[in-house]
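Asker: The structure file entry_29.json (JSON, C-alpha atoms) is provided below.
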```
[["chain", "number", "residue", "atom", "x", "y", "z"],
["A", 6, "MET", "CA", 0.00, 0.00, 0.00],
["A", 7, "ALA", "CA", 1.44, 3.40, -1.05],
["A", 8, "THR", "CA", 2.01, 5.99, 1.65],
["A", 9, "ILE", "CA", -0.08, 9.14, 1.28],
["A", 10, "ARG", "CA", 2.30, 12.09, 1.60],
["A", 11, "LEU", "CA", -0.07, 15.00, 0.91],
["A", 12, "SER", "CA", -2.40, 16.57, 3.47],
["A", 13, "SER", "CA", -4.84, 17.37, 0.65],
["A", 14, "LEU", "CA", -4.97, 16.65, -3.07],
["A", 15, "ASP", "CA", -4.75, 20.28, -4.18],
["A", 16, "LEU", "CA", -2.17, 23.04, -4.61],
["A", 17, "ARG", "CA", -2.30, 23.88, -0.92],
["A", 18, "GLY", "CA", -1.39, 20.28, -0.14],
["A", 19, "ILE", "CA", 1.51, 20.49, -2.61],
["A", 20, "ALA", "CA", 2.78, 23.73, -1.01],
["A", 21, "GLU", "CA", 2.53, 22.30, 2.50],
["A", 22, "TYR", "CA", 4.44, 19.21, 1.36],
["A", 23, "LEU", "CA", 7.21, 21.36, -0.14],
["A", 24, "LYS", "CA", 7.47, 23.33, 3.11],
["A", 25, "SER", "CA", 7.37, 20.27, 5.34],
["A", 26, "GLY", "CA", 10.98, 19.21, 4.92],
["A", 27, "ALA", "CA", 9.87, 15.78, 3.70],
["A", 28, "CYS", "CA", 10.08, 16.81, 0.05],
["A", 29, "LYS", "CA", 13.73, 17.03, -0.95],
["A", 30, "SER", "CA", 13.79, 15.97, -4.60],
["A", 31, "VAL", "CA", 11.48, 17.49, -7.22],
["A", 32, "VAL", "CA", 11.51, 16.37, -10.85],
["A", 33, "VAL", "CA", 9.70, 18.42, -13.49],
["A", 34, "LEU", "CA", 8.51, 17.35, -16.96],
["A", 35, "THR", "CA", 7.46, 20.22, -19.21],
["A", 36, "GLY", "CA", 5.82, 20.56, -22.60],
["A", 37, "ALA", "CA", 4.75, 23.37, -24.91],
["A", 38, "GLY", "CA", 2.11, 24.66, -22.48],
["A", 39, "VAL", "CA", 4.71, 26.28, -20.23],
["A", 40, "SER", "CA", 5.82, 28.49, -23.15],
["A", 41, "THR", "CA", 2.45, 29.68, -24.46],
["A", 42, "GLY", "CA", 2.60, 32.63, -22.04],
["A", 43, "ALA", "CA", 5.65, 33.79, -24.00],
["A", 44, "GLY", "CA", 3.60, 33.86, -27.20],
["A", 45, "ILE", "CA", 4.95, 30.60, -28.59],
["A", 46, "PRO", "CA", 2.05, 28.44, -29.88],
["A", 47, "ASP", "CA", 1.84, 24.88, -28.64],
["A", 48, "PHE", "CA", 1.41, 21.93, -30.96],
["A", 49, "ARG", "CA", -1.82, 20.05, -30.33],
["A", 50, "SER", "CA", -4.26, 22.63, -28.97],
["A", 51, "PRO", "CA", -6.77, 24.38, -31.27],
["A", 52, "GLY", "CA", -4.82, 27.05, -33.15],
["A", 53, "GLY", "CA", -1.53, 25.33, -32.37],
["A", 54, "LEU", "CA", 1.16, 24.40, -34.87],
["A", 55, "TYR", "CA", -0.41, 21.12, -35.98],
["A", 56, "ASP", "CA", -3.96, 22.49, -36.06],
["A", 57, "SER", "CA", -2.98, 25.46, -38.25],
["A", 58, "LEU", "CA", -0.61, 23.61, -40.58],
["A", 59, "ARG", "CA", -1.37, 24.30, -44.25],
["A", 60, "PRO", "CA", 0.44, 21.67, -46.36],
["A", 61, "GLU", "CA", -0.59, 23.36, -49.61],
["A", 62, "LEU", "CA", 1.82, 26.21, -48.79],
["A", 63, "ILE", "CA", 4.76, 23.92, -48.10],
["A", 64, "THR", "CA", 7.39, 22.97, -50.67],
["A", 65, "ALA", "CA", 6.71, 19.25, -51.03],
["A", 66, "THR", "CA", 5.42, 16.60, -53.39],
["A", 67, "GLU", "CA", 1.68, 15.92, -53.43],
["A", 68, "ASN", "CA", 2.26, 12.61, -51.65],
["A", 69, "GLN", "CA", 4.20, 14.40, -48.93],
["A", 70, "ARG", "CA", 1.45, 17.02, -48.57],
["A", 71, "SER", "CA", -1.13, 14.26, -48.32],
["A", 72, "ALA", "CA", 0.86, 12.64, -45.50],
["A", 73, "MET", "CA", 1.00, 15.97, -43.64],
["A", 74, "ARG", "CA", -2.75, 16.47, -44.07],
["A", 75, "SER", "CA", -3.49, 13.08, -42.56],
["A", 76, "ASP", "CA", -0.95, 13.51, -39.76],
["A", 77, "PRO", "CA", 0.68, 16.94, -39.24],
["A", 78, "THR", "CA", 3.56, 15.36, -37.29],
["A", 79, "TRP", "CA", 4.93, 14.20, -40.63],
["A", 80, "VAL", "CA", 6.47, 17.65, -40.93],
["A", 81, "VAL", "CA", 8.96, 16.69, -38.18],
["A", 82, "MET", "CA", 9.39, 13.02, -39.13],
["A", 83, "LYS", "CA", 12.89, 11.71, -39.77],
["A", 84, "ASP", "CA", 11.83, 9.96, -42.99],
["A", 85, "MET", "CA", 10.27, 13.18, -44.31],
["A", 86, "PHE", "CA", 13.33, 15.27, -43.46],
["A", 87, "PHE", "CA", 15.77, 12.91, -45.15],
["A", 88, "ALA", "CA", 13.57, 12.92, -48.25],
["A", 89, "ASN", "CA", 12.88, 16.66, -48.22],
["A", 90, "GLN", "CA", 14.48, 19.20, -45.87],
["A", 91, "LEU", "CA", 12.10, 22.01, -46.77],
["A", 92, "PRO", "CA", 8.84, 21.20, -44.90],
["A", 93, "TYR", "CA", 10.69, 21.20, -41.58],
["A", 94, "MET", "CA", 12.62, 24.35, -42.45],
["A", 95, "GLU", "CA", 9.58, 26.30, -43.68],
["A", 96, "VAL", "CA", 7.45, 25.44, -40.67],
["A", 97, "ARG", "CA", 10.29, 26.17, -38.23],
["A", 98, "ARG", "CA", 11.59, 29.32, -39.97],
["A", 99, "PRO", "CA", 10.09, 31.96, -37.60],
["A", 100, "PHE", "CA", 11.01, 29.90, -34.53],
["A", 101, "ILE", "CA", 14.62, 29.50, -35.65],
["A", 102, "LEU", "CA", 15.04, 33.21, -36.35],
["A", 103, "GLY", "CA", 13.10, 34.20, -33.24],
["A", 104, "THR", "CA", 15.34, 32.03, -31.08],
["A", 105, "GLN", "CA", 18.43, 33.71, -32.51],
["A", 106, "HIS", "CA", 17.15, 37.13, -31.42],
["A", 107, "GLN", "CA", 15.54, 35.96, -28.16],
["A", 108, "LYS", "CA", 12.17, 37.15, -29.39],
["A", 109, "TRP", "CA", 10.38, 35.34, -26.56],
["A", 110, "LYS", "CA", 10.87, 35.68, -22.82],
["A", 111, "ALA", "CA", 10.77, 33.02, -20.13],
["A", 112, "THR", "CA", 7.37, 32.77, -18.45],
["A", 113, "ILE", "CA", 6.19, 32.60, -14.85],
["A", 114, "SER", "CA", 6.22, 28.82, -15.30],
["A", 115, "HIS", "CA", 9.91, 28.82, -16.25],
["A", 116, "TRP", "CA", 10.74, 31.05, -13.32],
["A", 117, "PHE", "CA", 8.89, 28.81, -10.88],
["A", 118, "ILE", "CA", 11.27, 26.01, -11.89],
["A", 119, "ARG", "CA", 14.21, 28.35, -11.29],
["A", 120, "PHE", "CA", 12.80, 29.15, -7.83],
["A", 121, "LEU", "CA", 12.68, 25.42, -7.11],
["A", 122, "GLU", "CA", 16.40, 25.29, -7.82],
["A", 123, "GLU", "CA", 17.09, 28.33, -5.65],
["A", 124, "GLU", "CA", 15.35, 26.58, -2.76],
["A", 125, "GLN", "CA", 17.33, 23.38, -3.45],
["A", 126, "PHE", "CA", 14.29, 21.31, -4.41],
["A", 127, "LEU", "CA", 15.04, 20.71, -8.09],
["A", 128, "THR", "CA", 16.76, 17.46, -9.03],
["A", 129, "ARG", "CA", 16.00, 17.45, -12.76],
["A", 130, "LEU", "CA", 14.05, 19.29, -15.42],
["A", 131, "PHE", "CA", 13.04, 17.11, -18.36],
["A", 132, "THR", "CA", 11.84, 19.53, -21.01],
["A", 133, "GLN", "CA", 10.25, 18.42, -24.25],
["A", 134, "ASN", "CA", 10.46, 22.01, -25.49],
["A", 135, "ILE", "CA", 13.02, 23.11, -28.03],
["A", 136, "ASP", "CA", 12.74, 26.88, -27.41],
["A", 137, "GLY", "CA", 15.55, 27.17, -24.84],
["A", 138, "LEU", "CA", 13.57, 29.54, -22.59],
["A", 139, "ASP", "CA", 14.61, 27.59, -19.49],
["A", 140, "TYR", "CA", 18.12, 28.99, -19.84],
["A", 141, "GLN", "CA", 16.93, 32.60, -19.75],
["A", 142, "THR", "CA", 16.24, 32.14, -16.02],
["A", 143, "ASP", "CA", 19.89, 31.22, -15.39],
["A", 144, "LEU", "CA", 18.82, 27.72, -14.45],
["A", 145, "THR", "CA", 21.89, 25.52, -13.99],
["A", 146, "ARG", "CA", 22.40, 23.85, -17.36],
["A", 147, "GLU", "CA", 23.46, 20.58, -15.80],
["A", 148, "LEU", "CA", 19.99, 20.21, -14.27],
["A", 149, "VAL", "CA", 18.26, 20.39, -17.66],
["A", 150, "CYS", "CA", 17.65, 17.40, -19.89],
["A", 151, "ASN", "CA", 16.56, 18.59, -23.35],
["A", 152, "VAL", "CA", 14.51, 15.55, -24.26],
["A", 153, "HIS", "CA", 13.81, 16.69, -27.83],
["A", 154, "GLY", "CA", 16.87, 18.85, -28.43],
["A", 155, "SER", "CA", 17.07, 22.62, -28.91],
["A", 156, "LEU", "CA", 16.64, 25.25, -31.60],
["A", 157, "GLY", "CA", 19.69, 27.04, -30.20],
["A", 158, "ARG", "CA", 22.17, 24.54, -31.66],
["A", 159, "VAL", "CA", 22.59, 23.48, -35.28],
["A", 160, "SER", "CA", 24.06, 20.27, -36.67],
["A", 161, "CYS", "CA", 23.86, 17.93, -39.64],
["A", 162, "GLU", "CA", 21.63, 14.87, -39.37],
["A", 163, "GLY", "CA", 23.99, 13.09, -41.74],
["A", 164, "CYS", "CA", 27.54, 13.73, -40.53],
["A", 165, "GLN", "CA", 26.67, 15.27, -37.09],
["A", 166, "GLU", "CA", 29.02, 18.22, -37.63],
["A", 167, "GLU", "CA", 27.83, 21.42, -35.96],
["A", 168, "MET", "CA", 27.25, 24.75, -37.72],
["A", 169, "PRO", "CA", 27.26, 28.14, -35.94],
["A", 170, "LEU", "CA", 23.70, 29.32, -35.29],
["A", 171, "ASP", "CA", 24.33, 32.79, -36.75],
["A", 172, "ASP", "CA", 25.75, 31.33, -39.98],
["A", 173, "PHE", "CA", 22.79, 28.99, -40.26],
["A", 174, "CYS", "CA", 20.30, 31.81, -39.74],
["A", 175, "VAL", "CA", 21.87, 33.77, -42.59],
["A", 176, "GLN", "CA", 21.13, 30.79, -44.84],
["A", 177, "VAL", "CA", 17.60, 30.41, -43.46],
["A", 178, "ARG", "CA", 16.80, 34.05, -44.30],
["A", 179, "LYS", "CA", 18.25, 33.69, -47.79],
["A", 180, "ASN", "CA", 17.04, 30.21, -48.74],
["A", 181, "ILE", "CA", 13.76, 29.48, -46.93],
["A", 182, "LYS", "CA", 10.45, 31.09, -47.90],
["A", 183, "ASP", "CA", 8.04, 32.47, -45.31],
["A", 184, "ILE", "CA", 4.81, 30.43, -45.36],
["A", 185, "TYR", "CA", 3.38, 32.67, -42.62],
["A", 186, "ASN", "CA", 3.67, 35.81, -44.79],
["A", 187, "VAL", "CA", 5.24, 38.04, -42.13],
["A", 188, "ASP", "CA", 8.72, 38.59, -43.60],
["A", 189, "PRO", "CA", 8.66, 40.71, -46.78],
["A", 190, "ASP", "CA", 12.37, 40.04, -47.36],
["A", 191, "ALA", "CA", 12.01, 36.26, -47.50],
["A", 192, "PRO", "CA", 12.56, 34.52, -50.84],
["A", 193, "LYS", "CA", 9.50, 33.52, -52.88],
["A", 194, "GLU", "CA", 10.72, 29.95, -53.24],
["A", 195, "SER", "CA", 12.78, 27.75, -50.94],
["A", 196, "SER", "CA", 16.06, 26.07, -51.73],
["A", 197, "ASN", "CA", 18.02, 23.57, -49.67],
["A", 198, "ILE", "CA", 20.69, 24.56, -47.17],
["A", 199, "PRO", "CA", 23.70, 22.24, -47.63],
["A", 200, "CYS", "CA", 25.87, 21.14, -44.73],
["A", 201, "PRO", "CA", 29.24, 22.99, -44.86],
["A", 202, "SER", "CA", 31.01, 19.71, -44.01],
["A", 203, "CYS", "CA", 29.33, 16.99, -46.10],
["A", 204, "SER", "CA", 27.30, 19.14, -48.54],
["A", 205, "ARG", "CA", 24.11, 17.14, -47.98],
["A", 206, "PRO", "CA", 20.88, 19.08, -47.33],
["A", 207, "LEU", "CA", 20.56, 17.67, -43.81],
["A", 208, "VAL", "CA", 21.63, 20.59, -41.64],
["A", 209, "LYS", "CA", 19.01, 21.76, -39.13],
["A", 210, "PRO", "CA", 18.55, 22.82, -35.51],
["A", 211, "SER", "CA", 19.54, 20.01, -33.15],
["A", 212, "THR", "CA", 15.96, 18.96, -32.43],
["A", 213, "VAL", "CA", 14.98, 15.30, -32.24],
["A", 214, "LEU", "CA", 12.92, 14.23, -35.23],
["A", 215, "PHE", "CA", 10.06, 11.78, -34.84],
["A", 216, "GLY", "CA", 11.56, 8.37, -35.54],
["A", 217, "SER", "CA", 14.96, 9.27, -34.07],
["A", 218, "SER", "CA", 16.38, 8.10, -30.76],
["A", 219, "LEU", "CA", 16.28, 10.36, -27.73],
["A", 220, "PRO", "CA", 19.54, 11.52, -26.13],
["A", 221, "ARG", "CA", 21.23, 8.88, -23.96],
["A", 222, "ASP", "CA", 21.18, 11.31, -21.02],
["A", 223, "PHE", "CA", 17.38, 11.07, -20.88],
["A", 224, "PHE", "CA", 17.46, 7.36, -20.11],
["A", 225, "VAL", "CA", 20.36, 7.69, -17.66],
["A", 226, "HIS", "CA", 18.65, 10.44, -15.65],
["A", 227, "CYS", "CA", 15.34, 8.58, -15.66],
["A", 228, "LYS", "CA", 16.92, 5.45, -14.24],
["A", 229, "GLN", "CA", 19.04, 7.22, -11.64],
["A", 230, "GLU", "CA", 16.72, 9.97, -10.41],
["A", 231, "LEU", "CA", 13.04, 9.16, -10.90],
["A", 232, "PRO", "CA", 12.80, 6.26, -8.41],
["A", 233, "ASN", "CA", 14.00, 8.58, -5.63],
["A", 234, "ALA", "CA", 11.87, 11.63, -6.52],
["A", 235, "ASP", "CA", 9.65, 13.02, -3.76],
["A", 236, "LEU", "CA", 7.45, 15.02, -6.16],
["A", 237, "LEU", "CA", 6.86, 14.93, -9.90],
["A", 238, "ILE", "CA", 5.44, 18.02, -11.60],
["A", 239, "VAL", "CA", 4.03, 17.48, -15.11],
["A", 240, "ALA", "CA", 3.32, 20.80, -16.81],
["A", 241, "GLY", "CA", 1.94, 21.79, -20.20],
["A", 242, "THR", "CA", 2.20, 18.44, -21.92],
["A", 243, "SER", "CA", -0.39, 16.12, -23.44],
["A", 244, "LEU", "CA", 1.64, 13.05, -22.36],
["A", 245, "VAL", "CA", 1.13, 11.39, -25.73],
["A", 246, "VAL", "CA", 4.74, 11.37, -26.93],
["A", 247, "SER", "CA", 6.74, 8.32, -25.95],
["A", 248, "PRO", "CA", 9.14, 7.66, -24.32],
["A", 249, "ALA", "CA", 9.06, 11.05, -22.56],
["A", 250, "ASN", "CA", 5.58, 10.33, -21.21],
["A", 251, "GLN", "CA", 6.91, 7.26, -19.39],
["A", 252, "VAL", "CA", 8.44, 9.58, -16.80],
["A", 253, "VAL", "CA", 5.12, 9.51, -14.94],
["A", 254, "GLN", "CA", 5.39, 5.74, -14.51],
["A", 255, "MET", "CA", 9.01, 5.70, -13.34],
["A", 256, "VAL", "CA", 8.61, 7.52, -10.03],
["A", 257, "GLY", "CA", 7.85, 5.55, -6.86],
["A", 258, "GLN", "CA", 4.32, 4.35, -6.17],
["A", 259, "ASP", "CA", 3.87, 6.85, -3.34],
["A", 260, "CYS", "CA", 5.42, 9.83, -5.15],
["A", 261, "PRO", "CA", 2.84, 12.62, -5.56],
["A", 262, "ARG", "CA", 2.29, 13.79, -9.14],
["A", 263, "LEU", "CA", 1.08, 17.33, -9.83],
["A", 264, "ILE", "CA", -0.58, 17.67, -13.24],
["A", 265, "VAL", "CA", -0.58, 21.25, -14.57],
["A", 266, "ASN", "CA", -2.53, 21.23, -17.81],
["A", 267, "LYS", "CA", -5.77, 22.64, -19.17],
["A", 268, "GLU", "CA", -7.33, 19.20, -19.33],
["A", 269, "PRO", "CA", -6.68, 15.87, -17.61],
["A", 270, "VAL", "CA", -3.94, 13.85, -19.31],
["A", 271, "GLY", "CA", -2.21, 10.53, -18.82],
["A", 272, "ALA", "CA", -5.13, 8.43, -17.59],
["A", 273, "GLU", "CA", -3.88, 5.58, -19.78],
["A", 274, "LEU", "CA", -0.52, 5.91, -18.02],
["A", 275, "GLY", "CA", -2.04, 5.40, -14.59],
["A", 276, "ILE", "CA", -2.73, 8.98, -13.51],
["A", 277, "ARG", "CA", -5.95, 9.09, -11.50],
["A", 278, "TYR", "CA", -8.44, 11.93, -11.28],
["A", 279, "GLY", "CA", -11.38, 12.73, -9.04],
["A", 280, "SER", "CA", -12.43, 10.28, -6.34],
["A", 281, "SER", "CA", -10.02, 7.59, -7.55],
["A", 282, "ALA", "CA", -6.96, 9.82, -7.01],
["A", 283, "THR", "CA", -4.73, 9.01, -4.05],
["A", 284, "ARG", "CA", -1.50, 10.85, -4.94],
["A", 285, "ASP", "CA", -2.30, 12.70, -8.17],
["A", 286, "VAL", "CA", -3.23, 16.38, -8.05],
["A", 287, "PHE", "CA", -4.92, 18.02, -11.05],
["A", 288, "ALA", "CA", -4.52, 21.79, -10.90],
["A", 289, "GLY", "CA", -7.69, 22.40, -12.91],
["A", 290, "ASP", "CA", -8.65, 24.06, -16.15],
["A", 291, "ARG", "CA", -6.07, 26.87, -15.99],
["A", 292, "SER", "CA", -2.94, 27.93, -17.81],
["A", 293, "CYS", "CA", 0.43, 26.83, -16.49],
["A", 294, "ASP", "CA", 1.31, 30.40, -15.56],
["A", 295, "GLU", "CA", -1.90, 30.79, -13.53],
["A", 296, "VAL", "CA", -1.22, 27.61, -11.59],
["A", 297, "PHE", "CA", 2.42, 28.37, -10.89],
["A", 298, "LEU", "CA", 1.55, 31.94, -9.86],
["A", 299, "GLU", "CA", -0.77, 30.48, -7.23],
["A", 300, "LEU", "CA", 1.94, 28.10, -6.07],
["A", 301, "ILE", "CA", 4.40, 30.99, -5.83],
["A", 302, "ARG", "CA", 1.92, 32.78, -3.57],
["A", 303, "LEU", "CA", 1.33, 29.68, -1.45],
["A", 304, "MET", "CA", 5.10, 29.24, -1.06],
["A", 305, "GLY", "CA", 5.59, 32.91, -0.15],
["A", 306, "TRP", "CA", 7.89, 33.51, -3.13],
["A", 307, "GLU", "CA", 6.25, 36.74, -4.32],
["A", 308, "ASP", "CA", 9.42, 38.76, -3.73],
["A", 309, "LYS", "CA", 11.37, 36.41, -5.97],
["A", 310, "LEU", "CA", 8.86, 37.05, -8.74],
["A", 311, "ARG", "CA", 8.88, 40.81, -8.25],
["A", 312, "ARG", "CA", 12.67, 40.87, -8.60],
["A", 313, "ILE", "CA", 12.52, 39.39, -12.10],
["A", 314, "ARG", "CA", 9.36, 41.19, -13.25],
["A", 315, "ASP", "CA", 11.11, 43.06, -16.07],
["A", 316, "ARG", "CA", 12.41, 39.80, -17.53],
["A", 317, "LEU", "CA", 8.90, 38.41, -18.04],
["A", 318, "PRO", "CA", 6.62, 38.75, -21.09],
["A", 319, "GLU", "CA", 4.67, 42.04, -21.03],
["A", 320, "ASP", "CA", 1.34, 40.50, -20.05],
["A", 321, "SER", "CA", 2.97, 38.71, -17.13],
["A", 322, "GLN", "CA", 4.71, 41.91, -16.00],
["A", 323, "ALA", "CA", 1.30, 43.53, -15.50],
["A", 324, "ILE", "CA", 0.10, 40.55, -13.45],
["A", 325, "VAL", "CA", 3.15, 40.66, -11.20],
["A", 326, "SER", "CA", 2.81, 44.42, -10.70],
["A", 327, "ALA", "CA", -0.64, 43.79, -9.23],
["A", 328, "ILE", "CA", 0.61, 41.30, -6.62]]
```
Just give me the structure as structure tokens.

Answerer:
Amino acid sequence: MATIRLSSLDLRGIAEYLKSGACKSVVVLTGAGVSTGAGIPDFRSPGGLYDSLRPELITATENQRSAMRSDPTWVVMKDMFFANQLPYMEVRRPFILGTQHQKWKATISHWFIRFLEEEQFLTRLFTQNIDGLDYQTDLTRELVCNVHGSLGRVSCEGCQEEMPLDDFCVQVRKNIKDIYNVDPDAPKESSNIPCPSCSRPLVKPSTVLFGSSLPRDFFVHCKQELPNADLLIVAGTSLVVSPANQVVQMVGQDCPRLIVNKEPVGAELGIRYGSSATRDVFAGDRSCDEVFLELIRLMGWEDKLRRIRDRLPEDSQAIVSAI
């Protein structure tokens, strides 16, 4: 029989547990939902990247467009990229260039994770995001496992040689058309970007394509750290992408799991909701930033948030000013 560690299955119970001294190791798994407050669209929600994908605008064969229509994730499939670099590059173009210029700012959600580190709770952040916003908070890099890679580094899928991000972005501006129609200086048609080392058109940001293996570090950290976690926080992820979603099954049977998402997720992975829940806390139909703002208040960390107010997205700055 699992030991019940929480006084109540809500955010107050989570805060009391963190303050109790019994919770010493927190592991966090994040998805696109923690970055929507920065203005970066997520993938699977209405209006997200997959929902708004328009294959007819993408440089591809009709068979490739048909595959993307039936399943938008084809745009980031390994098989698709090796056959045609351009769908990935055209869809990712504004995110690549925006990352170079730090167009987006870390959100309240990102800063909450940084506060966990400051208070010596954080053991590991597993992030499925490729935007690199976690690093804007000065989070210790060694605590971050980039499960799906990062837009901030560029390498060749063929020969693995790296390419400087700034050099790559010059080629993106010159070679890749803008399917979103926001850059008047973009070319009208796309052409491949060859790898400077092997000349194949396989150079791209170092993100993990569907069908590729995850970094070895992910499996090492899972095995070493999850069984000993005192609290798992799952934030802004649909928990449908394997093997990252298996994190929720690798913590101990009595480890509380806080689910921060707009709808319940992971029931098929054993997460329990409502009257059947014994250790799982669902934060309700709210954004990640709203939930973590409440937790910051419950933890008494308002001063921490005020100190970094100017480093937040504009909308979040106004919220913090009202605290």

Asker: Applying 10 Å and all atoms listed in the file, which residues near Gln141 in chain A remain after dropping the ones on its own chain fewer than 5 positions away? List them as a list in words.

Answerer: Gln107, Trp109, Lys110, Ala111, Thr112, His115, Trp116, Arg119 and Arg316 of chain A

Asker: What would the file look like if the residues just selected were written as a compact mmCIF listing (two decimals), in the frame of the given file with C-alpha atoms?

Answerer:
```txt
# COMPACT_ATOMS: atom_id res chain seq x y z
CA GLN A 107 15.54 35.96 -28.16
CA TRP A 109 10.38 35.34 -26.56
CA LYS A 110 10.87 35.68 -22.82
CA ALA A 111 10.77 33.02 -20.13
CA THR A 112 7.37 32.77 -18.45
CA HIS A 115 9.91 28.82 -16.25
CA TRP A 116 10.74 31.05 -13.32
CA ARG A 119 14.21 28.35 -11.29
CA ARG A 316 12.41 39.80 -17.53
```

Asker: Looking at A:Asp76, A:Asp84, A:Asp235, A:Glu194, which one is nearest to Gly26 in chain A, with distances taken over all atoms listed in the file?

Answerer: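 Ranking A:Asp76, A:Asp84, A:Asp235, A:Glu194 by distance to Gly26 in chain A, first place goes to A:Asp235.
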
Asker: Using all atoms listed in the file, which protein or nucleic acid residues come within 12 Å of Leu138 in chain A? Drop anything in the same chain fewer than 3 positions from it, and give the result as a PyMOL selection string.

Answerer: chain A and resi 35-37+39-45+103-105+107-116+118-119+132-135+141-144+146+149+151+155-157+316-318

Asker: Please determine, counting all atoms listed in the file, which residue among A:Val253, A:Leu231, A:Glu268, A:Val325 has the shortest atom-to-atom distance to Trp306 in chain A.

Answerer: A:Val325

Asker: Hey, can you check how far CA of Leu300 in chain A sits from CA of Lys228 in chain A?

Answerer: 28.4 Å

Asker: Using only C-alpha atoms, determine which residues lie at most 12 Å from Arg178 in chain A, disregarding the query and same-chain residues fewer than 3 positions distant; provide the list as an NGL selection string.

Answerer: :A and (94-95 or 97-99 or 101-103 or 105 or 171-175 or 181-183 or 188-198)

Asker: Any idea what the distance is between CA of His153 in chain A and CA of Thr212 in chain A?

Answerer: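 Interatomic distance, CA of His153 in chain A to CA of Thr212 in chain A: 5.6 Å.
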
Asker: With all atoms listed in the file as the atoms that count, which of A:Lys179, A:Arg129, A:Arg311, A:Lys209 lies nearest to Glu162 in chain A?

Answerer: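 Among the listed residues, the smallest separation from Glu162 in chain A belongs to A:Lys209.
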
Asker: Residues within 9 Å of range 246-249 of chain A, please, as JSON, numbers by chain. Count all atoms listed in the file; anything in the same chain fewer than 4 positions from it doesn't count.

Answerer: {"A": [34, 131, 133, 152, 219, 223, 253]}

Asker: Quick check, in Å to one decimal: how far apart do CA of Cys28 in chain A and CA of Arg277 in chain A lie?

Answerer: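 Between CA of Cys28 in chain A and CA of Arg277 in chain A the gap is 21.2 Å.
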
Asker: Please list as JSON, numbers by chain every residue within 6 Å of Cys161 in chain A, counting only C-alpha atoms and excluding residues in the same chain fewer than 5 positions away.

Answerer: {"A": [166, 207, 208]}

Asker: So which residues fall inside 12 Å of (9.8, 38.7, -6.4) if we count all atoms listed in the file? Mind giving them as a ChimeraX atom specification?

Answerer: /A:113,116-117,120,298,301-302,304-317,322,325-328
